[in-house]
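Peer 1: I'd like to ask you about the structure that follows.
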Amino acid sequence: MTNSIENLKWRYATKNFDPALHLTGNELEIITEAFNLTATSYGLQPCRLVVVQNKKLQEKMLPFAYGQRQVVDAPAVLVFCTVTMDDGYVGRYFDLVQKVRKTSTEILKPFQDQLNDRFTAMQHDQVEAWAKNQAYISLGNLLTVCANQRIDSCPMEGFNPEKVDELLDLKSKGLKSVLLLPIGHRKEDDKFARMEKVRLPLQDSVLFMD
Ligand SMILES: Cc1cc2nc3c(=O)[nH]c(=O)nc-3n(C[C@H](O)[C@H](O)[C@H](O)COP(=O)(O)O)c2cc1C
């Protein structure tokens with residue numbers, strides 16, 4: 001069995017975090033860098049990660065997460081957010097490409113115009129849905145990175161995004177919360193850790209076409 005599969009079997013949606021077990025600075029560094037390295041459509045990174053490590057805020061989050069204790073017991077709650085893409089967003093991305101790769105304007109301009117046209121033609125809610133998809137890719141990436149690092153996590157859609165946005169004052173930063181990921185370390189006696197994984201038989205889940 002490969003290491004990757006062992007790691008994925010080790011992970012589970014952790015319900016009981018041990019509040020006494022903290023994350024090291026190095027663990028947080030790996031997670032935040034992995035978030036930033038996640039692939040995004042066109043490379044536009046329309047997401048941000050808000051790292052909440054504040055018990056008072058986490059307690060306030062509890063009713064907005066329908067009483068799911070993970071948001072309080074975990075030493076950190078990652079909030080995956082979409083960014084409001086203003087008119088200059090695509091342009092700023094291309095400025096960065098030019099700065100990092102020293103690519104000439106002549107080469108970049110047609111691609112930039114094409115992207116600007118594409119986003120201008122989209123409705124606001126289509127752009128939001130597209131950005132949301134990117135947040136889910138980041139979530140998937142971090143679930144795997146956490147498992148590889150033996151960091152426990154619980155992906156969560158079960159919360160009220162408007163209330164969390166209000167609590168964390170995300171609107172003023174042009175952000176909207178999409179997903180939560182409490183991270184930390186499991187309680188030794190968390191019965192969920194020992195439960196059998198419920199998955200389709202592989203042949204029903206994956207179709208090979210030769
Ligand atoms: C996008 C997404 C949202 C989820 N939301 C919640 C949630 O709000 N609360 C929770 O306890 N688990 C949540 N889960 C965890 C799933 O229930 C869990 O991943 C699934 O049952 C498979 O179990 P496993 O991850 O332990 O293997 C979510 C998972 C995903 C991927």
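Going through the structure tokens in order, the chains are called A, B, and so on, while each chain numbers its residues from 1 and the ligands are numbered from 1 in the order shown.
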How close does each residue of chain A get to ligand 1, giving the shortest atom pair and distance in Å to one decimal for every residue with an atom at most 6 Å away, counting only C-alpha atoms and all ligand atoms, sorted by chain and residue number, as JSON lines?

Peer 2:
```
{"residue": "A:Tyr12", "atom": "CA", "partner": "ligand 1", "partner_atom_place_in_ligand_line": "26 (O)", "distance": 3.4}
{"residue": "A:Ala13", "atom": "CA", "partner": "ligand 1", "partner_atom_place_in_ligand_line": "26 (O)", "distance": 4.0}
{"residue": "A:Pro155", "atom": "CA", "partner": "ligand 1", "partner_atom_place_in_ligand_line": "28 (C)", "distance": 4.6}
{"residue": "A:Met156", "atom": "CA", "partner": "ligand 1", "partner_atom_place_in_ligand_line": "5 (N)", "distance": 3.4}
{"residue": "A:Glu157", "atom": "CA", "partner": "ligand 1", "partner_atom_place_in_ligand_line": "5 (N)", "distance": 4.1}
{"residue": "A:Gly158", "atom": "CA", "partner": "ligand 1", "partner_atom_place_in_ligand_line": "8 (O)", "distance": 3.4}
{"residue": "A:Lys197", "atom": "CA", "partner": "ligand 1", "partner_atom_place_in_ligand_line": "27 (O)", "distance": 5.7}
```

Peer 1: Could you write out that same residue set with C-alpha atoms as a CSV table (one decimal), in the first residue's frame?

Peer 2:
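Printed below is again_10.csv as written:
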```csv
chain,number,residue,atom,x,y,z
A,12,TYR,CA,-11.4,11.3,8.8
A,13,ALA,CA,-13.8,14.2,9.3
A,155,PRO,CA,-14.3,20.0,6.2
A,156,MET,CA,-17.5,22.0,6.9
A,157,GLU,CA,-20.3,23.4,4.7
A,158,GLY,CA,-22.6,23.3,7.7
A,197,LYS,CA,-14.8,4.1,6.2
```

Peer 1: Skip stretch 193-196 of chain A itself and residues of its chain fewer than 2 positions away, then list as a list in words all residues within 10 Å of it, counting only C-alpha atoms.

Peer 2: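 Residues near the query, excluding close chain neighbours: Lys9, Trp10, Arg11, Tyr12, Ala13, Thr14, Lys15, Asn16, Arg186, Lys187, Glu188, Asp189, Asp190, Lys191, Val198 and Arg199 of chain A.
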
Peer 1: Please measure the separation of atom CA of A:Cys81 and atom CA of A:Val52, giving the value in Å to one decimal.

Peer 2: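 Value for the atom CA of A:Cys81-atom CA of A:Val52 distance: 12.7 Å.
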
Peer 1: Between stretch 12-93 of chain A and stretch 126-143 of chain A, at 12 Å or less, what are the per-residue closest atom pairs and their distances in Å? Count only C-alpha atoms, order by chain and rising residue number, and return it as a Markdown table.

Peer 2:
```
| residue | atom | partner | partner_atom | distance |
| --- | --- | --- | --- | --- |
| A:Tyr12 | CA | A:Leu143 | CA | 9.4 |
| A:Ala13 | CA | A:Leu143 | CA | 9.5 |
| A:Thr14 | CA | A:Leu143 | CA | 11.4 |
| A:Glu27 | CA | A:Leu142 | CA | 11.8 |
| A:Leu28 | CA | A:Leu142 | CA | 11.3 |
| A:Ile30 | CA | A:Leu142 | CA | 9.7 |
| A:Ile31 | CA | A:Leu142 | CA | 6.8 |
| A:Thr32 | CA | A:Leu142 | CA | 8.9 |
| A:Glu33 | CA | A:Leu142 | CA | 9.9 |
| A:Ala34 | CA | A:Leu142 | CA | 6.8 |
| A:Phe35 | CA | A:Ser138 | CA | 6.0 |
| A:Asn36 | CA | A:Ser138 | CA | 8.5 |
| A:Leu37 | CA | A:Ser138 | CA | 8.9 |
| A:Thr38 | CA | A:Ser138 | CA | 5.8 |
| A:Ala39 | CA | A:Ile137 | CA | 7.7 |
| A:Thr40 | CA | A:Gln134 | CA | 5.9 |
| A:Ser41 | CA | A:Gln134 | CA | 7.2 |
| A:Tyr42 | CA | A:Gln134 | CA | 10.6 |
| A:Gly43 | CA | A:Gln134 | CA | 10.1 |
| A:Leu44 | CA | A:Ala131 | CA | 9.4 |
| A:Gln45 | CA | A:Gln134 | CA | 7.6 |
| A:Pro46 | CA | A:Ala131 | CA | 5.6 |
| A:Cys47 | CA | A:Ala135 | CA | 6.0 |
| A:Arg48 | CA | A:Ala135 | CA | 8.3 |
| A:Leu49 | CA | A:Ala135 | CA | 9.1 |
| A:Leu78 | CA | A:Leu139 | CA | 9.7 |
| A:Val79 | CA | A:Leu139 | CA | 9.9 |
| A:Phe80 | CA | A:Ala135 | CA | 6.2 |
| A:Cys81 | CA | A:Ala135 | CA | 6.9 |
| A:Thr82 | CA | A:Ala131 | CA | 5.9 |
| A:Val83 | CA | A:Ala131 | CA | 7.6 |
| A:Thr84 | CA | A:Glu128 | CA | 8.0 |
| A:Met85 | CA | A:Val127 | CA | 8.3 |
| A:Asp86 | CA | A:Val127 | CA | 11.0 |
```

Peer 1: For the atom pair atom CA of A:Leu181 and atom CA of A:Ala20, what is the interatomic distance in Å to one decimal place?

Peer 2: 18.2 Å

Peer 1: If DSSP is run on the backbone, what residues of chain A are strand (DSSP E)? A reply as a list in words would be ideal.

Peer 2: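 Result set for chain A (strand (DSSP E)): Cys47, Arg48, Leu49, Val50, Val51, Val52, Ala76, Val77, Leu78, Val79, Phe80, Cys81, Thr82, Val83, Asp152, Ser153, Leu175, Lys176, Ser177, Val178, Leu179, Leu180, Leu181, Pro182, Ile183 and Gly184 of chain A.
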
Peer 1: Between A:Ser177, A:Ser205, A:Thr24, A:Gln123, which residue has the minimum interatomic distance to A:Pro161, considering only C-alpha atoms?

Peer 2: A:Ser177
